[in-house]
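Worksheet: one structure, shown below.
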Amino acid sequence: MWTQRFDLHSHSTNSDGQHEVDDVAEMMEEQGVSVWALTDHDTTSGWKQAAIAAASRGIQFIPGVEITCTPAHPPMPEVLKARGQERASSSWHLLAYFPRHHPAVSETAVDAFKQWLMPRQLGREPRMRLMCARLEALGMPVNIDDVLARADGSVGRPHLAEEMVKLGYVESKHEAFERWLGDGLPAFVAHEKPTIAEAVEAVKAAGGFTSLAHPLYYGVDVPVLMNTLNNLGVDAVEAVHRSHDDMYRHALMEAAVERNMGITVGSDFHGLDYQQRPGCMPVVIDALHPMLTE
Ligand SMILES: [Zn+2]
Ligand SMILES: [Zn+2]
């Protein structure tokens, strides 16, 4: 059995989409989509509006988010070459879904997930500003410009640690990490890009499930990609994406079924100006992740 009712990957003005949430919902309805996920990048800010917009149109809304992660596998040169790709994307995008109707999804756990997601929206410099603000509140003011001056574009905790040594707050960089800057310590603010494993853990804790978005962009062949995902606890793969031809969709679906994983389907709709339309992607119902259909 095939269906075209699902579109589980779309963007609004809450991230880099062209249209307001309401307009996205309207276009989904026009295209015959009845199960819709809004998956803005690293934010859940459109969920409330989307839930209302979907309900008024008789669409089932699935809260989603596309999390920017570090790559879980390096690109394979022979794969890039065979596909005519110059380079692979520098981050892997992990779709996370929290189907509200499902008993595994708890409200309080989803709130904890939102807290986890918050700092991911920040780039490196805003993160560093936050860490400086924490240090100031702890009685150790640091001038952000002095920290940035130590970095060659990509600022990180070691630069802040060096500055703390210079200011005499700590004796060594090691001490700065041990007492203040290490993961979970008082001046620590999470890095914007989690690993796939970290993102999977945060989503699972909230009862949601994950699917790797547009796998074509990463330059990894299907068996290696699917084994990597399976080992990391990723639940599904976005087999049906507008960038995939039928052969690739099929190969991913078969590989997912073999490994007892699900698939998802998404237009990755960003807007009409990009010559895109939502929906209209046939998918095998039985291959979808079970939380979507049960
Ligand atoms: Zn993406
Ligand atoms: Zn996307």
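Chain labels A, B, ... are given in the sequence in which chains occur in the structure tokens; within each chain residues are numbered consecutively from 1, and ligands are likewise numbered from 1 in the order shown.
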
Counting only C-alpha atoms and all ligand atoms, which residues of chain A sit at most 9 Å from some atom of ligand 2, and what is each one's closest atom pair with its distance in Å to one decimal, listed by chain and rising residue number, as CSV?
residue,atom,partner,partner_atom_place_in_ligand_line,distance
A:His9,CA,ligand 2,1 (Zn),6.1
A:Ser10,CA,ligand 2,1 (Zn),6.1
A:His11,CA,ligand 2,1 (Zn),6.4
A:Asp16,CA,ligand 2,1 (Zn),8.8
A:Gly17,CA,ligand 2,1 (Zn),9.0
A:Thr39,CA,ligand 2,1 (Zn),6.8
A:Asp40,CA,ligand 2,1 (Zn),6.9
A:His41,CA,ligand 2,1 (Zn),7.0
A:Val65,CA,ligand 2,1 (Zn),8.9
A:Glu66,CA,ligand 2,1 (Zn),6.4
A:His93,CA,ligand 2,1 (Zn),7.8
A:Leu95,CA,ligand 2,1 (Zn),8.4
A:Ala213,CA,ligand 2,1 (Zn),7.3
A:His214,CA,ligand 2,1 (Zn),8.1
A:Gly266,CA,ligand 2,1 (Zn),8.5
A:Ser267,CA,ligand 2,1 (Zn),8.4
A:Asp268,CA,ligand 2,1 (Zn),4.7
A:Phe269,CA,ligand 2,1 (Zn),7.2
A:His270,CA,ligand 2,1 (Zn),7.5

Got a sec: who's within 10 Å of Arg150 (chain A), counting only C-alpha atoms, leaving out chain neighbours fewer than 4 positions off, as a PyMOL selection string?
-> chain A and resi 145-146+154-156+158-160+162-163

From a DSSP calculation on the backbone, collect every residue of region 97-179 of chain A in helix (DSSP H, G or I) and output the set as a PyMOL selection string.
-> chain A and resi 107-121+124-137+144-150+157-166+173-179

Pull N, CA and C atoms from the residues just selected and write them as a compact mmCIF listing (two decimals), in the first residue's frame.
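Full text of selection.txt as output:
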# COMPACT_ATOMS: atom_id res chain seq x y z
N GLU A 107 4.85 15.22 27.88
CA GLU A 107 4.95 16.69 27.82
C GLU A 107 6.18 17.21 28.55
N THR A 108 6.40 16.71 29.78
CA THR A 108 7.51 17.23 30.57
C THR A 108 8.86 16.86 29.94
N ALA A 109 8.92 15.66 29.35
CA ALA A 109 10.17 15.24 28.72
C ALA A 109 10.43 16.09 27.47
N VAL A 110 9.37 16.45 26.76
CA VAL A 110 9.55 17.29 25.58
C VAL A 110 10.05 18.68 26.00
N ASP A 111 9.56 19.15 27.14
CA ASP A 111 10.06 20.43 27.66
C ASP A 111 11.55 20.36 27.95
N ALA A 112 11.99 19.24 28.52
CA ALA A 112 13.42 19.06 28.79
C ALA A 112 14.20 19.05 27.48
N PHE A 113 13.63 18.43 26.46
CA PHE A 113 14.28 18.41 25.15
C PHE A 113 14.44 19.84 24.61
N LYS A 114 13.40 20.66 24.78
CA LYS A 114 13.47 22.05 24.31
C LYS A 114 14.61 22.80 25.00
N GLN A 115 14.80 22.54 26.29
CA GLN A 115 15.90 23.16 27.03
C GLN A 115 17.25 22.72 26.46
N TRP A 116 17.32 21.45 26.12
CA TRP A 116 18.55 20.90 25.55
C TRP A 116 18.85 21.57 24.21
N LEU A 117 17.79 21.83 23.46
CA LEU A 117 17.94 22.36 22.10
C LEU A 117 18.37 23.83 22.10
N MET A 118 17.95 24.56 23.12
CA MET A 118 18.11 26.02 23.14
C MET A 118 19.51 26.50 22.73
N PRO A 119 20.59 26.04 23.38
CA PRO A 119 21.90 26.59 23.02
C PRO A 119 22.38 26.18 21.63
N ARG A 120 21.75 25.15 21.04
CA ARG A 120 22.17 24.70 19.70
C ARG A 120 21.87 25.76 18.65
N GLN A 121 20.97 26.66 18.99
CA GLN A 121 20.59 27.67 18.01
C GLN A 121 21.66 28.73 17.87
N ARG A 124 29.10 29.96 17.33
CA ARG A 124 30.22 29.91 18.27
C ARG A 124 30.38 31.21 19.06
N GLU A 125 30.25 32.33 18.37
CA GLU A 125 30.49 33.59 19.07
C GLU A 125 29.40 33.87 20.11
N PRO A 126 28.12 33.73 19.76
CA PRO A 126 27.09 33.93 20.79
C PRO A 126 27.27 32.98 21.97
N ARG A 127 27.72 31.74 21.68
CA ARG A 127 27.96 30.80 22.78
C ARG A 127 29.05 31.35 23.70
N MET A 128 30.11 31.90 23.08
CA MET A 128 31.21 32.43 23.88
C MET A 128 30.75 33.61 24.72
N ARG A 129 29.87 34.44 24.14
CA ARG A 129 29.32 35.58 24.90
C ARG A 129 28.56 35.08 26.13
N LEU A 130 27.79 34.01 25.94
CA LEU A 130 27.04 33.44 27.05
C LEU A 130 27.98 32.92 28.13
N MET A 131 29.07 32.28 27.70
CA MET A 131 30.01 31.75 28.69
C MET A 131 30.70 32.89 29.45
N CYS A 132 31.00 33.98 28.73
CA CYS A 132 31.59 35.15 29.41
C CYS A 132 30.60 35.73 30.42
N ALA A 133 29.33 35.77 30.04
CA ALA A 133 28.30 36.29 30.96
C ALA A 133 28.22 35.42 32.22
N ARG A 134 28.33 34.10 32.01
CA ARG A 134 28.31 33.19 33.18
C ARG A 134 29.49 33.47 34.10
N LEU A 135 30.67 33.65 33.48
CA LEU A 135 31.88 33.91 34.29
C LEU A 135 31.76 35.22 35.05
N GLU A 136 31.18 36.22 34.38
CA GLU A 136 31.01 37.51 35.04
C GLU A 136 30.11 37.35 36.26
N ALA A 137 29.02 36.60 36.09
CA ALA A 137 28.10 36.36 37.20
C ALA A 137 28.80 35.61 38.33
N ILE A 144 35.04 39.83 26.06
CA ILE A 144 34.81 38.92 24.93
C ILE A 144 35.76 39.22 23.77
N ASP A 145 36.06 40.49 23.53
CA ASP A 145 36.93 40.83 22.40
C ASP A 145 38.33 40.26 22.57
N ASP A 146 38.79 40.21 23.83
CA ASP A 146 40.11 39.62 24.08
C ASP A 146 40.10 38.12 23.79
N VAL A 147 38.97 37.49 24.07
CA VAL A 147 38.87 36.04 23.78
C VAL A 147 38.83 35.83 22.27
N LEU A 148 38.02 36.63 21.58
CA LEU A 148 37.90 36.49 20.12
C LEU A 148 39.24 36.75 19.44
N ALA A 149 40.00 37.70 20.01
CA ALA A 149 41.30 38.04 19.41
C ALA A 149 42.27 36.85 19.47
N ARG A 150 42.07 35.97 20.42
CA ARG A 150 42.93 34.79 20.55
C ARG A 150 42.61 33.72 19.51
N ARG A 157 36.40 27.03 23.71
CA ARG A 157 36.72 27.09 25.13
C ARG A 157 38.21 27.26 25.44
N PRO A 158 39.13 26.64 24.66
CA PRO A 158 40.55 26.82 24.98
C PRO A 158 40.97 28.29 24.97
N HIS A 159 40.38 29.09 24.07
CA HIS A 159 40.72 30.51 24.02
C HIS A 159 40.26 31.23 25.29
N LEU A 160 39.09 30.85 25.74
CA LEU A 160 38.56 31.44 26.97
C LEU A 160 39.43 31.03 28.16
N ALA A 161 39.86 29.78 28.17
CA ALA A 161 40.72 29.28 29.25
C ALA A 161 42.04 30.05 29.30
N GLU A 162 42.62 30.32 28.12
CA GLU A 162 43.87 31.09 28.05
C GLU A 162 43.67 32.47 28.68
N GLU A 163 42.55 33.08 28.33
CA GLU A 163 42.27 34.43 28.84
C GLU A 163 42.08 34.40 30.37
N MET A 164 41.46 33.34 30.85
CA MET A 164 41.26 33.22 32.31
C MET A 164 42.59 33.08 33.03
N VAL A 165 43.54 32.38 32.40
CA VAL A 165 44.87 32.27 32.99
C VAL A 165 45.53 33.64 33.04
N LYS A 166 45.44 34.37 31.91
CA LYS A 166 46.07 35.70 31.84
C LYS A 166 45.50 36.62 32.91
N LYS A 173 45.19 26.36 32.10
CA LYS A 173 44.04 26.06 31.25
C LYS A 173 43.33 24.81 31.79
N HIS A 174 44.14 23.89 32.25
CA HIS A 174 43.58 22.66 32.81
C HIS A 174 42.62 22.97 33.96
N GLU A 175 43.06 23.86 34.85
CA GLU A 175 42.22 24.23 35.99
C GLU A 175 40.94 24.92 35.51
N ALA A 176 41.06 25.76 34.49
CA ALA A 176 39.87 26.44 33.95
C ALA A 176 38.82 25.41 33.51
N PHE A 177 39.29 24.34 32.84
CA PHE A 177 38.35 23.31 32.39
C PHE A 177 37.81 22.48 33.55
N GLU A 178 38.72 22.16 34.48
CA GLU A 178 38.32 21.30 35.61
C GLU A 178 37.30 21.96 36.53
N ARG A 179 37.45 23.28 36.71
CA ARG A 179 36.58 23.96 37.67
C ARG A 179 35.40 24.69 37.05

Between CA of Met291 (chain A) and CA of Cys69 (chain A) - distance in Å to one decimal =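 Rounded to one decimal, the two atoms are 23.0 Å apart.
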
Go through A:Arg277, A:His102, A:His244, A:His289 one by one, measure the shortest atom-to-atom distance of each to Gly207 (chain A) using only C-alpha atoms, and give the residue with the smallest value.
->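 So, comparing all the options, the nearest one is A:His102.
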
Name the residues in contact with region 193-204 of chain A at a cut-off of 8 Å, using only C-alpha atoms, excluding same-chain residues fewer than 3 positions from it; report them as a PyMOL selection string.
-> chain A and resi 67-72+92+94+96+113+116+120+207-210+232-234

Kindly export the residues of the current selection with N, CA and C atoms, as an mmCIF file, in the first residue's frame.
data_model
loop_
_atom_site.group_PDB
_atom_site.id
_atom_site.type_symbol
_atom_site.label_atom_id
_atom_site.label_comp_id
_atom_site.auth_asym_id
_atom_site.auth_seq_id
_atom_site.Cartn_x
_atom_site.Cartn_y
_atom_site.Cartn_z
ATOM 1 N N ILE A 67 17.792 18.862 13.520
ATOM 2 C CA ILE A 67 18.922 19.197 14.392
ATOM 3 C C ILE A 67 20.227 19.143 13.598
ATOM 4 N N THR A 68 20.993 20.218 13.666
ATOM 5 C CA THR A 68 22.290 20.267 12.988
ATOM 6 C C THR A 68 23.322 19.538 13.845
ATOM 7 N N CYS A 69 23.889 18.467 13.300
ATOM 8 C CA CYS A 69 24.833 17.636 14.069
ATOM 9 C C CYS A 69 26.185 17.577 13.354
ATOM 10 N N THR A 70 27.185 17.139 14.084
ATOM 11 C CA THR A 70 28.472 16.879 13.441
ATOM 12 C C THR A 70 28.349 15.589 12.625
ATOM 13 N N PRO A 71 29.125 15.448 11.546
ATOM 14 C CA PRO A 71 29.029 14.230 10.723
ATOM 15 C C PRO A 71 29.394 12.986 11.539
ATOM 16 N N ALA A 72 28.678 11.904 11.294
ATOM 17 C CA ALA A 72 28.969 10.664 12.010
ATOM 18 C C ALA A 72 29.872 9.753 11.186
ATOM 19 N N TRP A 92 25.582 16.890 9.529
ATOM 20 C CA TRP A 92 24.505 15.946 9.255
ATOM 21 C C TRP A 92 23.250 16.474 9.924
ATOM 22 N N LEU A 94 19.692 15.797 11.504
ATOM 23 C CA LEU A 94 18.893 14.727 12.095
ATOM 24 C C LEU A 94 17.486 15.242 12.387
ATOM 25 N N ALA A 96 13.944 15.024 14.128
ATOM 26 C CA ALA A 96 13.398 14.444 15.359
ATOM 27 C C ALA A 96 11.902 14.692 15.372
ATOM 28 N N PHE A 113 13.627 18.427 26.460
ATOM 29 C CA PHE A 113 14.281 18.409 25.148
ATOM 30 C C PHE A 113 14.436 19.841 24.613
ATOM 31 N N TRP A 116 17.316 21.445 26.121
ATOM 32 C CA TRP A 116 18.550 20.898 25.547
ATOM 33 C C TRP A 116 18.852 21.571 24.207
ATOM 34 N N ARG A 120 21.746 25.155 21.039
ATOM 35 C CA ARG A 120 22.171 24.703 19.703
ATOM 36 C C ARG A 120 21.867 25.757 18.652
ATOM 37 N N GLY A 207 10.924 10.544 24.405
ATOM 38 C CA GLY A 207 9.982 9.606 23.799
ATOM 39 C C GLY A 207 9.812 9.780 22.301
ATOM 40 N N GLY A 208 10.619 10.643 21.680
ATOM 41 C CA GLY A 208 10.504 10.860 20.246
ATOM 42 C C GLY A 208 11.344 9.872 19.454
ATOM 43 N N PHE A 209 11.343 10.030 18.144
ATOM 44 C CA PHE A 209 12.207 9.184 17.311
ATOM 45 C C PHE A 209 12.934 10.045 16.282
ATOM 46 N N THR A 210 14.001 9.494 15.715
ATOM 47 C CA THR A 210 14.864 10.266 14.815
ATOM 48 C C THR A 210 14.941 9.643 13.430
ATOM 49 N N LEU A 232 24.269 3.854 15.919
ATOM 50 C CA LEU A 232 24.092 5.050 16.744
ATOM 51 C C LEU A 232 22.685 5.154 17.328
ATOM 52 N N GLY A 233 21.824 4.206 16.986
ATOM 53 C CA GLY A 233 20.473 4.221 17.538
ATOM 54 C C GLY A 233 19.501 5.125 16.798
ATOM 55 N N VAL A 234 19.878 5.573 15.589
ATOM 56 C CA VAL A 234 18.934 6.355 14.776
ATOM 57 C C VAL A 234 17.816 5.419 14.333
#

From the list A:Asn227, A:Ser34, A:Ser56, A:Ser91, which residue is nearest ligand 1 when using only C-alpha atoms and all ligand atoms?
-> A:Ser91

With distances taken over only C-alpha atoms and all ligand atoms, which of A:Leu212, A:Val105, A:Leu185, A:Leu8 is nearest to ligand 1?
->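 For ligand 1, the nearest of the candidates is A:Leu212.
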
Do you know which residues are at most 9 Å from Met27 (chain A) counting only C-alpha atoms, after dropping those on the same chain fewer than 4 positions away, and could you put them as number ranges by chain?
-> A: 22-23, 31-33, 277-279

Could you tell me which of A:Gly84, A:Gly168, A:Gly271, A:Pro282 comes closest to Leu216 (chain A) if we count only C-alpha atoms?
->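 Of A:Gly84, A:Gly168, A:Gly271, A:Pro282, the one nearest Leu216 (chain A) is A:Gly84, counting only C-alpha atoms.
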
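Using only C-alpha atoms and all ligand atoms, the shortest contact distance between ligand 1 and any of A:Thr228, A:Gln275, A:Gln49, A:Ser211 is found at A:Ser211.
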
Would you give me, as a PyMOL selection string, the residues in region 26-270 of chain A that DSSP reads as strand (DSSP E or B)?
-> chain A and resi 35-38+41+60-69+92-97+209-212+236-241+262-266+269

CA of Val35 (chain A) and CA of Gln60 (chain A), how far apart in Å?
->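 One can read the CA of Gln60 (chain A) to CA of Val35 (chain A) distance as 4.7 Å.
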